[in-house]
Each structure stands twice: as C-alpha cells, then as structure tokens.
file my_file_4.cif (mmCIF, N, CA and C atoms and all ligand atoms)
data_final
#
loop_
_atom_site.label_atom_id
_atom_site.label_comp_id
_atom_site.auth_asym_id
_atom_site.auth_seq_id
_atom_site.Cartn_x
_atom_site.Cartn_y
_atom_site.Cartn_z
N MET A 26 -1.97 -20.33 5.84
CA MET A 26 -1.77 -19.28 6.83
C MET A 26 -0.54 -18.46 6.46
N HIS A 27 -0.69 -17.19 6.46
CA HIS A 27 0.44 -16.36 6.07
C HIS A 27 0.29 -14.97 6.66
N ARG A 28 1.39 -14.29 6.73
CA ARG A 28 1.34 -12.91 7.17
C ARG A 28 1.79 -12.08 5.98
N LYS A 29 0.92 -11.16 5.62
CA LYS A 29 1.23 -10.35 4.45
C LYS A 29 2.11 -9.18 4.83
N ILE A 30 3.19 -9.04 4.12
CA ILE A 30 4.02 -7.85 4.32
C ILE A 30 4.01 -7.08 3.01
N GLU A 31 3.69 -5.83 3.12
CA GLU A 31 3.56 -5.03 1.92
C GLU A 31 4.53 -3.85 2.04
N TYR A 32 5.27 -3.62 0.99
CA TYR A 32 6.13 -2.46 1.00
C TYR A 32 5.57 -1.41 0.06
N LEU A 33 5.21 -0.29 0.61
CA LEU A 33 4.63 0.77 -0.20
C LEU A 33 5.53 1.99 -0.12
N SER A 34 5.69 2.66 -1.26
CA SER A 34 6.44 3.91 -1.25
C SER A 34 5.52 5.00 -0.72
N THR A 35 6.12 6.12 -0.34
CA THR A 35 5.32 7.26 0.13
C THR A 35 4.31 7.66 -0.94
N GLN A 36 4.77 7.60 -2.20
CA GLN A 36 3.90 7.95 -3.32
C GLN A 36 2.68 7.01 -3.38
N GLU A 37 2.93 5.73 -3.18
CA GLU A 37 1.83 4.75 -3.22
C GLU A 37 0.84 4.98 -2.07
N ILE A 38 1.39 5.30 -0.90
CA ILE A 38 0.52 5.56 0.25
C ILE A 38 -0.31 6.82 -0.03
N MET A 39 0.34 7.81 -0.61
CA MET A 39 -0.35 9.05 -0.95
C MET A 39 -1.51 8.79 -1.91
N THR A 40 -1.25 7.99 -2.93
CA THR A 40 -2.28 7.65 -3.90
C THR A 40 -3.44 6.92 -3.24
N ARG A 41 -3.09 6.00 -2.35
CA ARG A 41 -4.12 5.22 -1.66
C ARG A 41 -5.02 6.15 -0.84
N LEU A 42 -4.41 7.11 -0.15
CA LEU A 42 -5.18 8.05 0.66
C LEU A 42 -6.05 8.93 -0.23
N LYS A 43 -5.44 9.46 -1.28
CA LYS A 43 -6.19 10.35 -2.19
C LYS A 43 -7.38 9.62 -2.80
N ASP A 44 -7.15 8.37 -3.23
CA ASP A 44 -8.23 7.58 -3.84
C ASP A 44 -9.37 7.38 -2.86
N ALA A 45 -9.05 7.36 -1.57
CA ALA A 45 -10.08 7.15 -0.55
C ALA A 45 -10.67 8.48 -0.09
N GLY A 46 -10.23 9.57 -0.71
CA GLY A 46 -10.76 10.88 -0.37
C GLY A 46 -10.15 11.48 0.89
N ILE A 47 -8.97 10.99 1.27
CA ILE A 47 -8.30 11.51 2.47
C ILE A 47 -7.13 12.40 2.04
N HIS A 48 -7.10 13.61 2.56
CA HIS A 48 -6.00 14.52 2.24
C HIS A 48 -4.71 14.00 2.87
N PRO A 49 -3.69 13.72 2.05
CA PRO A 49 -2.47 13.10 2.61
C PRO A 49 -1.52 14.11 3.27
N THR A 50 -1.78 14.47 4.51
CA THR A 50 -0.86 15.35 5.23
C THR A 50 0.39 14.55 5.60
N ALA A 51 1.45 15.26 5.94
CA ALA A 51 2.71 14.59 6.31
C ALA A 51 2.49 13.68 7.52
N GLN A 52 1.68 14.13 8.46
CA GLN A 52 1.43 13.33 9.67
C GLN A 52 0.67 12.05 9.33
N ARG A 53 -0.34 12.19 8.48
CA ARG A 53 -1.10 10.99 8.10
C ARG A 53 -0.23 10.01 7.34
N LEU A 54 0.63 10.54 6.47
CA LEU A 54 1.52 9.66 5.71
C LEU A 54 2.44 8.88 6.64
N ALA A 55 2.94 9.58 7.66
CA ALA A 55 3.84 8.93 8.62
C ALA A 55 3.11 7.79 9.34
N ILE A 56 1.90 8.07 9.79
CA ILE A 56 1.13 7.06 10.51
C ILE A 56 0.80 5.88 9.58
N CYS A 57 0.45 6.21 8.34
CA CYS A 57 0.09 5.16 7.37
C CYS A 57 1.29 4.31 6.98
N GLN A 58 2.45 4.91 7.01
CA GLN A 58 3.66 4.14 6.70
C GLN A 58 3.77 2.96 7.67
N TYR A 59 3.49 3.23 8.92
CA TYR A 59 3.52 2.16 9.93
C TYR A 59 2.34 1.20 9.73
N LEU A 60 1.15 1.77 9.57
CA LEU A 60 -0.05 0.94 9.50
C LEU A 60 -0.08 0.03 8.29
N PHE A 61 0.37 0.54 7.15
CA PHE A 61 0.25 -0.22 5.90
C PHE A 61 1.46 -1.12 5.65
N CYS A 62 2.63 -0.75 6.17
CA CYS A 62 3.84 -1.49 5.80
C CYS A 62 4.46 -2.28 6.94
N ASP A 63 4.30 -1.81 8.15
CA ASP A 63 5.07 -2.33 9.26
C ASP A 63 4.20 -3.10 10.25
N ALA A 64 3.11 -2.49 10.61
CA ALA A 64 2.32 -2.99 11.73
C ALA A 64 1.56 -4.25 11.35
N ASP A 65 1.22 -5.00 12.38
CA ASP A 65 0.44 -6.21 12.14
C ASP A 65 -0.65 -6.27 13.20
N HIS A 66 -1.86 -5.95 12.82
CA HIS A 66 -2.98 -5.91 13.76
C HIS A 66 -2.62 -5.11 15.03
N PRO A 67 -2.14 -3.88 14.89
CA PRO A 67 -1.73 -3.13 16.08
C PRO A 67 -2.94 -2.56 16.84
N THR A 68 -2.75 -2.34 18.14
CA THR A 68 -3.74 -1.60 18.91
C THR A 68 -3.40 -0.12 18.74
N ALA A 69 -4.33 0.75 19.14
CA ALA A 69 -4.07 2.20 19.06
C ALA A 69 -2.82 2.54 19.87
N GLU A 70 -2.66 1.85 21.00
CA GLU A 70 -1.49 2.07 21.85
C GLU A 70 -0.18 1.75 21.13
N GLN A 71 -0.18 0.65 20.39
CA GLN A 71 1.02 0.28 19.64
C GLN A 71 1.32 1.30 18.55
N VAL A 72 0.26 1.81 17.93
CA VAL A 72 0.45 2.85 16.91
C VAL A 72 1.09 4.06 17.58
N LYS A 73 0.56 4.42 18.73
CA LYS A 73 1.08 5.58 19.47
C LYS A 73 2.56 5.38 19.83
N ASN A 74 2.91 4.19 20.31
CA ASN A 74 4.31 3.92 20.68
C ASN A 74 5.24 4.06 19.49
N TRP A 75 4.80 3.53 18.34
CA TRP A 75 5.64 3.62 17.14
C TRP A 75 5.80 5.08 16.72
N VAL A 76 4.66 5.78 16.69
CA VAL A 76 4.68 7.18 16.26
C VAL A 76 5.57 7.99 17.20
N ASP A 77 5.45 7.77 18.51
CA ASP A 77 6.25 8.51 19.49
C ASP A 77 7.74 8.33 19.27
N SER A 78 8.14 7.11 18.88
CA SER A 78 9.57 6.90 18.71
C SER A 78 10.09 7.36 17.34
N HIS A 79 9.19 7.56 16.38
CA HIS A 79 9.64 8.02 15.07
C HIS A 79 9.27 9.47 14.77
N PHE A 80 8.09 9.85 15.18
CA PHE A 80 7.60 11.21 14.90
C PHE A 80 7.00 11.79 16.18
N PRO A 81 7.85 12.15 17.15
CA PRO A 81 7.34 12.53 18.47
C PRO A 81 6.43 13.76 18.48
N ARG A 82 6.34 14.47 17.37
CA ARG A 82 5.52 15.68 17.41
C ARG A 82 4.08 15.44 16.97
N ILE A 83 3.72 14.21 16.70
CA ILE A 83 2.33 13.91 16.32
C ILE A 83 1.53 13.64 17.59
N SER A 84 0.41 14.35 17.73
CA SER A 84 -0.37 14.23 18.97
C SER A 84 -1.24 12.96 18.96
N LEU A 85 -1.66 12.60 20.16
CA LEU A 85 -2.52 11.42 20.30
C LEU A 85 -3.85 11.64 19.56
N ALA A 86 -4.35 12.87 19.61
CA ALA A 86 -5.61 13.19 18.93
C ALA A 86 -5.48 12.95 17.43
N THR A 87 -4.32 13.35 16.87
CA THR A 87 -4.09 13.14 15.43
C THR A 87 -4.06 11.65 15.11
N ILE A 88 -3.45 10.88 15.99
CA ILE A 88 -3.38 9.43 15.76
C ILE A 88 -4.79 8.84 15.75
N TYR A 89 -5.57 9.17 16.75
CA TYR A 89 -6.94 8.64 16.80
C TYR A 89 -7.78 9.11 15.62
N ASN A 90 -7.65 10.40 15.29
CA ASN A 90 -8.40 10.92 14.13
C ASN A 90 -8.02 10.18 12.86
N THR A 91 -6.73 9.95 12.68
CA THR A 91 -6.27 9.26 11.48
C THR A 91 -6.80 7.83 11.44
N LEU A 92 -6.73 7.14 12.58
CA LEU A 92 -7.25 5.76 12.63
C LEU A 92 -8.74 5.75 12.25
N ASN A 93 -9.50 6.68 12.82
CA ASN A 93 -10.94 6.73 12.52
C ASN A 93 -11.21 7.03 11.06
N LEU A 94 -10.45 7.98 10.52
CA LEU A 94 -10.60 8.33 9.10
C LEU A 94 -10.34 7.12 8.21
N LEU A 95 -9.28 6.40 8.52
CA LEU A 95 -8.88 5.25 7.70
C LEU A 95 -9.93 4.14 7.79
N VAL A 96 -10.49 3.96 8.98
CA VAL A 96 -11.53 2.94 9.15
C VAL A 96 -12.77 3.35 8.35
N GLN A 97 -13.15 4.62 8.48
CA GLN A 97 -14.34 5.09 7.75
C GLN A 97 -14.15 4.99 6.25
N ALA A 98 -12.93 5.22 5.77
CA ALA A 98 -12.66 5.19 4.34
C ALA A 98 -12.49 3.75 3.83
N GLY A 99 -12.49 2.79 4.74
CA GLY A 99 -12.38 1.39 4.32
C GLY A 99 -10.95 0.94 4.07
N LEU A 100 -9.96 1.74 4.52
CA LEU A 100 -8.57 1.35 4.33
C LEU A 100 -8.04 0.51 5.49
N LEU A 101 -8.77 0.56 6.58
CA LEU A 101 -8.41 -0.22 7.78
C LEU A 101 -9.69 -0.81 8.32
N GLN A 102 -9.53 -1.93 9.01
CA GLN A 102 -10.66 -2.56 9.66
C GLN A 102 -10.40 -2.53 11.17
N GLU A 103 -11.38 -2.09 11.94
CA GLU A 103 -11.20 -2.11 13.39
C GLU A 103 -11.90 -3.36 13.92
N ILE A 104 -11.18 -4.19 14.66
CA ILE A 104 -11.75 -5.44 15.14
C ILE A 104 -11.57 -5.56 16.65
N ARG A 105 -12.60 -5.97 17.33
CA ARG A 105 -12.53 -6.27 18.76
C ARG A 105 -12.61 -7.77 18.92
N PHE A 106 -11.57 -8.38 19.45
CA PHE A 106 -11.58 -9.82 19.69
C PHE A 106 -11.94 -10.09 21.14
N SER A 107 -12.40 -11.30 21.40
CA SER A 107 -12.83 -11.64 22.75
C SER A 107 -11.66 -11.78 23.72
N HIS A 108 -10.43 -12.01 23.21
CA HIS A 108 -9.30 -12.24 24.11
C HIS A 108 -8.69 -10.94 24.63
N SER A 109 -9.12 -9.81 24.08
CA SER A 109 -8.49 -8.55 24.48
C SER A 109 -9.54 -7.45 24.63
N GLU A 110 -9.25 -6.54 25.52
CA GLU A 110 -10.14 -5.39 25.74
C GLU A 110 -9.99 -4.38 24.61
N LYS A 111 -8.84 -4.47 23.93
CA LYS A 111 -8.51 -3.42 22.98
C LYS A 111 -8.81 -3.82 21.54
N SER A 112 -9.27 -2.85 20.76
CA SER A 112 -9.46 -3.08 19.33
C SER A 112 -8.10 -3.19 18.66
N VAL A 113 -8.07 -3.93 17.58
CA VAL A 113 -6.88 -3.91 16.74
C VAL A 113 -7.26 -3.33 15.38
N PHE A 114 -6.26 -2.79 14.70
CA PHE A 114 -6.50 -2.20 13.39
C PHE A 114 -5.84 -3.07 12.34
N ASP A 115 -6.66 -3.52 11.41
CA ASP A 115 -6.24 -4.52 10.45
C ASP A 115 -6.20 -3.89 9.06
N ARG A 116 -5.02 -3.92 8.43
CA ARG A 116 -4.94 -3.34 7.08
C ARG A 116 -5.52 -4.28 6.03
N ASN A 117 -5.71 -5.53 6.41
CA ASN A 117 -6.36 -6.48 5.51
C ASN A 117 -7.87 -6.27 5.63
N THR A 118 -8.46 -5.60 4.66
CA THR A 118 -9.87 -5.23 4.77
C THR A 118 -10.77 -6.21 4.03
N SER A 119 -10.19 -7.24 3.42
CA SER A 119 -11.04 -8.24 2.78
C SER A 119 -11.50 -9.24 3.85
N PRO A 120 -12.62 -9.91 3.62
CA PRO A 120 -13.11 -10.84 4.64
C PRO A 120 -12.09 -11.94 4.93
N HIS A 121 -11.74 -12.10 6.19
CA HIS A 121 -10.80 -13.17 6.56
C HIS A 121 -10.98 -13.52 8.02
N PHE A 122 -10.40 -14.63 8.41
CA PHE A 122 -10.48 -15.10 9.79
C PHE A 122 -9.10 -14.91 10.44
N HIS A 123 -9.04 -15.23 11.73
CA HIS A 123 -7.77 -15.03 12.44
C HIS A 123 -7.38 -16.24 13.27
N PHE A 124 -6.07 -16.38 13.41
CA PHE A 124 -5.50 -17.37 14.32
C PHE A 124 -4.69 -16.61 15.35
N LEU A 125 -4.94 -16.89 16.63
CA LEU A 125 -4.18 -16.24 17.70
C LEU A 125 -3.15 -17.20 18.26
N ASP A 126 -1.89 -16.81 18.17
CA ASP A 126 -0.84 -17.59 18.82
C ASP A 126 -0.84 -17.19 20.30
N GLU A 127 -1.29 -18.12 21.14
CA GLU A 127 -1.49 -17.77 22.55
C GLU A 127 -0.20 -17.40 23.26
N GLU A 128 0.91 -17.90 22.77
CA GLU A 128 2.18 -17.61 23.43
C GLU A 128 2.67 -16.19 23.13
N SER A 129 2.67 -15.85 21.85
CA SER A 129 3.23 -14.55 21.47
C SER A 129 2.15 -13.46 21.40
N GLY A 130 0.90 -13.88 21.33
CA GLY A 130 -0.18 -12.91 21.19
C GLY A 130 -0.33 -12.41 19.75
N LEU A 131 0.46 -12.96 18.84
CA LEU A 131 0.39 -12.52 17.45
C LEU A 131 -0.86 -13.07 16.77
N LEU A 132 -1.42 -12.26 15.90
CA LEU A 132 -2.58 -12.68 15.12
C LEU A 132 -2.15 -12.98 13.70
N PHE A 133 -2.64 -14.06 13.15
CA PHE A 133 -2.34 -14.43 11.78
C PHE A 133 -3.63 -14.39 10.98
N ASP A 134 -3.54 -13.92 9.76
CA ASP A 134 -4.72 -13.92 8.89
C ASP A 134 -4.93 -15.30 8.29
N LEU A 135 -6.17 -15.74 8.26
CA LEU A 135 -6.53 -17.00 7.61
C LEU A 135 -7.44 -16.68 6.44
N GLU A 136 -7.18 -17.30 5.33
CA GLU A 136 -8.04 -17.13 4.17
C GLU A 136 -9.36 -17.87 4.42
N PRO A 137 -10.50 -17.25 4.08
CA PRO A 137 -11.78 -17.95 4.26
C PRO A 137 -11.81 -19.29 3.55
N ALA A 138 -11.08 -19.41 2.44
CA ALA A 138 -11.07 -20.68 1.69
C ALA A 138 -10.45 -21.81 2.51
N ASP A 139 -9.64 -21.46 3.52
CA ASP A 139 -9.00 -22.49 4.35
C ASP A 139 -9.90 -22.99 5.47
N VAL A 140 -11.04 -22.36 5.64
CA VAL A 140 -11.96 -22.74 6.72
C VAL A 140 -13.30 -23.11 6.10
N THR A 141 -13.79 -24.27 6.45
CA THR A 141 -15.06 -24.71 5.87
C THR A 141 -16.22 -24.42 6.82
N ILE A 142 -17.21 -23.73 6.33
CA ILE A 142 -18.44 -23.53 7.08
C ILE A 142 -19.38 -24.65 6.63
N LEU A 143 -19.94 -25.38 7.58
CA LEU A 143 -20.77 -26.52 7.21
C LEU A 143 -21.88 -26.13 6.23
N PRO A 144 -21.97 -26.83 5.11
CA PRO A 144 -22.97 -26.46 4.11
C PRO A 144 -24.40 -26.51 4.65
N GLN A 145 -24.66 -27.38 5.66
CA GLN A 145 -26.02 -27.46 6.23
C GLN A 145 -26.49 -26.10 6.74
N LEU A 146 -25.55 -25.37 7.32
CA LEU A 146 -25.91 -24.07 7.89
C LEU A 146 -26.49 -23.16 6.82
N LYS A 147 -25.93 -23.29 5.63
CA LYS A 147 -26.35 -22.40 4.55
C LYS A 147 -27.77 -22.68 4.09
N ASP A 148 -28.27 -23.91 4.38
CA ASP A 148 -29.67 -24.19 4.05
C ASP A 148 -30.61 -23.45 5.00
N GLN A 149 -30.15 -23.33 6.23
CA GLN A 149 -31.02 -22.78 7.26
C GLN A 149 -30.86 -21.27 7.43
N PHE A 150 -29.65 -20.80 7.25
CA PHE A 150 -29.37 -19.39 7.51
C PHE A 150 -28.76 -18.73 6.28
N GLU A 151 -29.11 -17.48 6.12
CA GLU A 151 -28.43 -16.70 5.09
C GLU A 151 -27.29 -15.97 5.80
N ILE A 152 -26.08 -16.37 5.52
CA ILE A 152 -24.93 -15.83 6.25
C ILE A 152 -24.39 -14.60 5.54
N HIS A 153 -24.32 -13.49 6.26
CA HIS A 153 -23.80 -12.25 5.68
C HIS A 153 -22.32 -12.06 5.95
N SER A 154 -21.89 -12.45 7.13
CA SER A 154 -20.46 -12.35 7.44
C SER A 154 -20.14 -13.34 8.54
N THR A 155 -18.88 -13.69 8.64
CA THR A 155 -18.45 -14.66 9.65
C THR A 155 -17.24 -14.11 10.37
N GLU A 156 -17.25 -14.17 11.69
CA GLU A 156 -16.08 -13.78 12.46
C GLU A 156 -15.59 -15.02 13.16
N LEU A 157 -14.33 -15.27 13.05
CA LEU A 157 -13.81 -16.50 13.63
C LEU A 157 -12.39 -16.27 14.13
N LEU A 158 -12.16 -16.65 15.39
CA LEU A 158 -10.81 -16.57 15.94
C LEU A 158 -10.42 -17.95 16.44
N LEU A 159 -9.41 -18.52 15.83
CA LEU A 159 -8.88 -19.79 16.29
C LEU A 159 -7.70 -19.49 17.20
N ARG A 160 -7.61 -20.22 18.31
CA ARG A 160 -6.49 -19.98 19.24
C ARG A 160 -5.63 -21.21 19.34
N GLY A 161 -4.35 -21.00 19.54
CA GLY A 161 -3.47 -22.15 19.70
C GLY A 161 -2.03 -21.75 19.67
N ARG A 162 -1.24 -22.58 19.06
CA ARG A 162 0.21 -22.39 19.04
C ARG A 162 0.68 -22.57 17.60
N VAL A 163 1.56 -21.70 17.18
CA VAL A 163 2.13 -21.86 15.85
C VAL A 163 3.17 -22.97 15.92
N LYS A 164 3.00 -23.98 15.09
CA LYS A 164 3.99 -25.06 15.07
C LYS A 164 5.17 -24.60 14.23
N SER A 165 6.37 -24.95 14.67
CA SER A 165 7.53 -24.55 13.87
C SER A 165 7.54 -25.39 12.60
N VAL A 166 7.91 -24.74 11.52
CA VAL A 166 7.85 -25.41 10.21
C VAL A 166 9.18 -26.07 9.89
ZN ZN B 1 -6.43 -9.74 9.95
#

call {"tool": "encode", "arguments": {"input": "my_file_4.cif", "output": "structure tokens"}}
result
Amino acid sequence: MHRKIEYLSTQEIMTRLKDAGIHPTAQRLAICQYLFCDADHPTAEQVKNWVDSHFPRISLATIYNTLNLLVQAGLLQEIRFSHSEKSVFDRNTSPHFHFLDEESGLLFDLEPADVTILPQLKDQFEIHSTELLLRGRVKSV
C-alpha cells in the first residue's frame, strides 16, 4: 500500500497534455499542477477550493470542463465510490483497488497484485475489470 507522489515540472505537464491532444492553456496547466502533483483522489469541490485559493480567476465552468477533458483523454479516472455521493478524480489511471481510511476519509491505492481474486471465479467468469474498496483503519507503522 502506498501513496504515489509525483513532482512534475510545468514543462512535463505541458507535454503530457499535448501528447493527449489537449491544448495546454495557462488555466489548464494550473489545474493540472494540482491534479497531477498535489491532489489525492480529490472531488470536484476540492479542486475548486484549491483553484480558488491559488488562481481565483478560474471559473467553475473551466474547472469542470478541464476535469471532463482530462477524463476523456485518459489522464484522469473519475470514480464513484459507495461511501460518498461525490465522484473523485484519480490521476492513477492504471487498474488498481482502493483502501478507505474510515477515520480520515483518505483513499489509498492498492496494487492489484496485492489482492487475490479467487482462481475458481476465473473458470466460471471472464473478468474484464474489478472494482474493490476495502474500508478500515490505517495502522501506524
Ligand atoms: Zn486510486
């Protein structure tokens, strides 16, 4: 179990957007700086709060448009969990599971290799994807 922190330069974010066919405007770069480097499974509201305190001139419409663009381009994953009404935006777009710390509400990424799906199931079903949320408490290490 780990939380990935990635530090990207503006240039790297720009390249990532361009490679995905997204025109890197200053506003999108600002939002992506938070989404790719700082945020951890944020809701749209959390993105808005961060943007408001750093770049107050970016509108809510721009934030939503940017989130949608990034999801469509495959740079972000939008996930709805059963414990919350709100979607979260996940910069980890590879298949993975989640652990919810019930106390802090923080989500941790789990590698699929750390979770075993019973092999019997694979005889009966062809599994295309798996969504899994484990809930509990993070033990202090
Ligand atoms: Zn995740």

call {"tool": "closest_residue", "arguments": {"input": "my_file_4.cif", "among": "A:Leu132, A:Ile152, A:Leu146, A:Leu158", "to": "ligand ZN 1 (chain B)", "atoms": "only N, CA and C atoms and all ligand atoms"}}
result
A:Leu132

call {"tool": "residues_around", "arguments": {"input": "my_file_4.cif", "residues": "Tyr32 of chain A", "least_positions_apart": "3", "cutoff": "8 Å", "atoms": "all atoms listed in the file", "output": "count of residues only"}}
result
7

call {"tool": "closest_residue", "arguments": {"input": "my_file_4.cif", "among": "A:Thr68, A:Ser109, A:Ser119, A:Ser34", "to": "ligand ZN 1 (chain B)", "atoms": "all atoms listed in the file"}}
result
A:Ser119

call {"tool": "residues_around", "arguments": {"input": "my_file_4.cif", "residues": "Gly99 of chain A", "least_positions_apart": "5", "cutoff": "9 Å", "atoms": "only C-alpha atoms", "output": "PDB file with N, CA and C atoms, in the coordinates of the input"}}
result
ATOM      1  N   ALA A  45      -9.050   7.360  -1.570  1.00  0.00           N
ATOM      2  CA  ALA A  45     -10.080   7.150  -0.550  1.00  0.00           C
ATOM      3  C   ALA A  45     -10.670   8.480  -0.090  1.00  0.00           C
ATOM      4  N   LEU A  94     -10.450   7.980  10.520  1.00  0.00           N
ATOM      5  CA  LEU A  94     -10.600   8.330   9.100  1.00  0.00           C
ATOM      6  C   LEU A  94     -10.340   7.120   8.210  1.00  0.00           C
ATOM      7  N   THR A 118      -8.460  -5.600   4.660  1.00  0.00           N
ATOM      8  CA  THR A 118      -9.870  -5.230   4.770  1.00  0.00           C
ATOM      9  C   THR A 118     -10.770  -6.210   4.030  1.00  0.00           C
TER      10      THR A 118
END

call {"tool": "select_by_dssp", "arguments": {"input": "my_file_4.cif", "residues": "chain A", "states": "helix (DSSP H, G or I)", "output": "count of residues only"}}
result
56

call {"tool": "residues_around", "arguments": {"input": "my_file_4.cif", "residues": "Glu110 of chain A", "least_positions_apart": "5", "cutoff": "12 Å", "atoms": "only C-alpha atoms", "output": "MDAnalysis selection string"}}
result
chainID A and resid 68:69 104:105

call {"tool": "closest_atom_pairs", "arguments": {"input": "my_file_4.cif", "of": "chain A", "to": "ligand ZN 1 (chain B)", "cutoff": "6.5 Å", "atoms": "all atoms listed in the file", "output": "CSV"}}
result
residue,atom,partner,partner_atom,distance
A:His66,CA,B:ZN1,ZN,6.4
A:Asp115,CA,B:ZN1,ZN,5.2
A:Arg116,N,B:ZN1,ZN,6.2
A:Asn117,CA,B:ZN1,ZN,5.5
A:His121,C,B:ZN1,ZN,6.2
A:Phe122,C,B:ZN1,ZN,5.8
A:His123,CA,B:ZN1,ZN,6.0
A:Phe133,C,B:ZN1,ZN,5.5
A:Asp134,CA,B:ZN1,ZN,4.6
A:Leu135,N,B:ZN1,ZN,6.2

call {"tool": "atom_distance", "arguments": {"input": "my_file_4.cif", "atom1": "atom N of Asp126 of chain A", "atom2": "atom N of Leu157 of chain A"}}
result
13.5 Å

call {"tool": "select_by_dssp", "arguments": {"input": "my_file_4.cif", "residues": "chain A", "states": "strand (DSSP E or B)", "output": "list in words"}}
result
His27, Gln102, Glu103, Ile104, Arg105, Ser112, Val113, Phe114, Asp115, Phe122, His123, Phe124, Leu125, Asp126, Leu132, Phe133, Asp134, Leu135, Leu158, Leu159, Arg160 and Gly161 of chain A

call {"tool": "write_last_selection", "arguments": {"input": "my_file_4.cif", "atoms": "N, CA and C atoms", "output": "mmCIF file, in the frame of the given file"}}
result
data_model
loop_
_atom_site.group_PDB
_atom_site.id
_atom_site.type_symbol
_atom_site.label_atom_id
_atom_site.label_comp_id
_atom_site.auth_asym_id
_atom_site.auth_seq_id
_atom_site.Cartn_x
_atom_site.Cartn_y
_atom_site.Cartn_z
ATOM 1 N N HIS A 27 -0.690 -17.190 6.460
ATOM 2 C CA HIS A 27 0.440 -16.360 6.070
ATOM 3 C C HIS A 27 0.290 -14.970 6.660
ATOM 4 N N GLN A 102 -9.530 -1.930 9.010
ATOM 5 C CA GLN A 102 -10.660 -2.560 9.660
ATOM 6 C C GLN A 102 -10.400 -2.530 11.170
ATOM 7 N N GLU A 103 -11.380 -2.090 11.940
ATOM 8 C CA GLU A 103 -11.200 -2.110 13.390
ATOM 9 C C GLU A 103 -11.900 -3.360 13.920
ATOM 10 N N ILE A 104 -11.180 -4.190 14.660
ATOM 11 C CA ILE A 104 -11.750 -5.440 15.140
ATOM 12 C C ILE A 104 -11.570 -5.560 16.650
ATOM 13 N N ARG A 105 -12.600 -5.970 17.330
ATOM 14 C CA ARG A 105 -12.530 -6.270 18.760
ATOM 15 C C ARG A 105 -12.610 -7.770 18.920
ATOM 16 N N SER A 112 -9.270 -2.850 20.760
ATOM 17 C CA SER A 112 -9.460 -3.080 19.330
ATOM 18 C C SER A 112 -8.100 -3.190 18.660
ATOM 19 N N VAL A 113 -8.070 -3.930 17.580
ATOM 20 C CA VAL A 113 -6.880 -3.910 16.740
ATOM 21 C C VAL A 113 -7.260 -3.330 15.380
ATOM 22 N N PHE A 114 -6.260 -2.790 14.700
ATOM 23 C CA PHE A 114 -6.500 -2.200 13.390
ATOM 24 C C PHE A 114 -5.840 -3.070 12.340
ATOM 25 N N ASP A 115 -6.660 -3.520 11.410
ATOM 26 C CA ASP A 115 -6.240 -4.520 10.450
ATOM 27 C C ASP A 115 -6.200 -3.890 9.060
ATOM 28 N N PHE A 122 -10.400 -14.630 8.410
ATOM 29 C CA PHE A 122 -10.480 -15.100 9.790
ATOM 30 C C PHE A 122 -9.100 -14.910 10.440
ATOM 31 N N HIS A 123 -9.040 -15.230 11.730
ATOM 32 C CA HIS A 123 -7.770 -15.030 12.440
ATOM 33 C C HIS A 123 -7.380 -16.240 13.270
ATOM 34 N N PHE A 124 -6.070 -16.380 13.410
ATOM 35 C CA PHE A 124 -5.500 -17.370 14.320
ATOM 36 C C PHE A 124 -4.690 -16.610 15.350
ATOM 37 N N LEU A 125 -4.940 -16.890 16.630
ATOM 38 C CA LEU A 125 -4.180 -16.240 17.700
ATOM 39 C C LEU A 125 -3.150 -17.200 18.260
ATOM 40 N N ASP A 126 -1.890 -16.810 18.170
ATOM 41 C CA ASP A 126 -0.840 -17.590 18.820
ATOM 42 C C ASP A 126 -0.840 -17.190 20.300
ATOM 43 N N LEU A 132 -1.420 -12.260 15.900
ATOM 44 C CA LEU A 132 -2.580 -12.680 15.120
ATOM 45 C C LEU A 132 -2.150 -12.980 13.700
ATOM 46 N N PHE A 133 -2.640 -14.060 13.150
ATOM 47 C CA PHE A 133 -2.340 -14.430 11.780
ATOM 48 C C PHE A 133 -3.630 -14.390 10.980
ATOM 49 N N ASP A 134 -3.540 -13.920 9.760
ATOM 50 C CA ASP A 134 -4.720 -13.920 8.890
ATOM 51 C C ASP A 134 -4.930 -15.300 8.290
ATOM 52 N N LEU A 135 -6.170 -15.740 8.260
ATOM 53 C CA LEU A 135 -6.530 -17.000 7.610
ATOM 54 C C LEU A 135 -7.440 -16.680 6.440
ATOM 55 N N LEU A 158 -12.160 -16.650 15.390
ATOM 56 C CA LEU A 158 -10.810 -16.570 15.940
ATOM 57 C C LEU A 158 -10.420 -17.950 16.440
ATOM 58 N N LEU A 159 -9.410 -18.520 15.830
ATOM 59 C CA LEU A 159 -8.880 -19.790 16.290
ATOM 60 C C LEU A 159 -7.700 -19.490 17.200
ATOM 61 N N ARG A 160 -7.610 -20.220 18.310
ATOM 62 C CA ARG A 160 -6.490 -19.980 19.240
ATOM 63 C C ARG A 160 -5.630 -21.210 19.340
ATOM 64 N N GLY A 161 -4.350 -21.000 19.540
ATOM 65 C CA GLY A 161 -3.470 -22.150 19.700
ATOM 66 C C GLY A 161 -2.030 -21.750 19.670
#

call {"tool": "atom_distance", "arguments": {"input": "my_file_4.cif", "atom1": "atom CA of Gln149 of chain A", "atom2": "atom CA of Ser107 of chain A"}}
result
26.4 Å

call {"tool": "axis_aligned_box", "arguments": {"input": "my_file_4.cif", "around": "segment 67-77 of chain A", "padding_each_side": "4 Å", "output": "lines of an AutoDock Vina configuration file"}}
result
center_x = 1.7
center_y = 2.3
center_z = 18.4
size_x = 20.1
size_y = 20.4
size_z = 15.0

call {"tool": "closest_residue", "arguments": {"input": "my_file_4.cif", "among": "A:Gln97, A:Leu131, A:Leu33, A:Ser165", "to": "Asp65 of chain A", "atoms": "only N, CA and C atoms"}}
result
A:Leu131

call {"tool": "residues_around", "arguments": {"input": "my_file_4.cif", "residues": "His48 of chain A", "least_positions_apart": "4", "cutoff": "12 Å", "atoms": "only C-alpha atoms", "output": "count of residues only"}}
result
14

call {"tool": "atom_distance", "arguments": {"input": "my_file_4.cif", "atom1": "atom N of Ala51 of chain A", "atom2": "atom N of Tyr89 of chain A"}}
result
14.3 Å
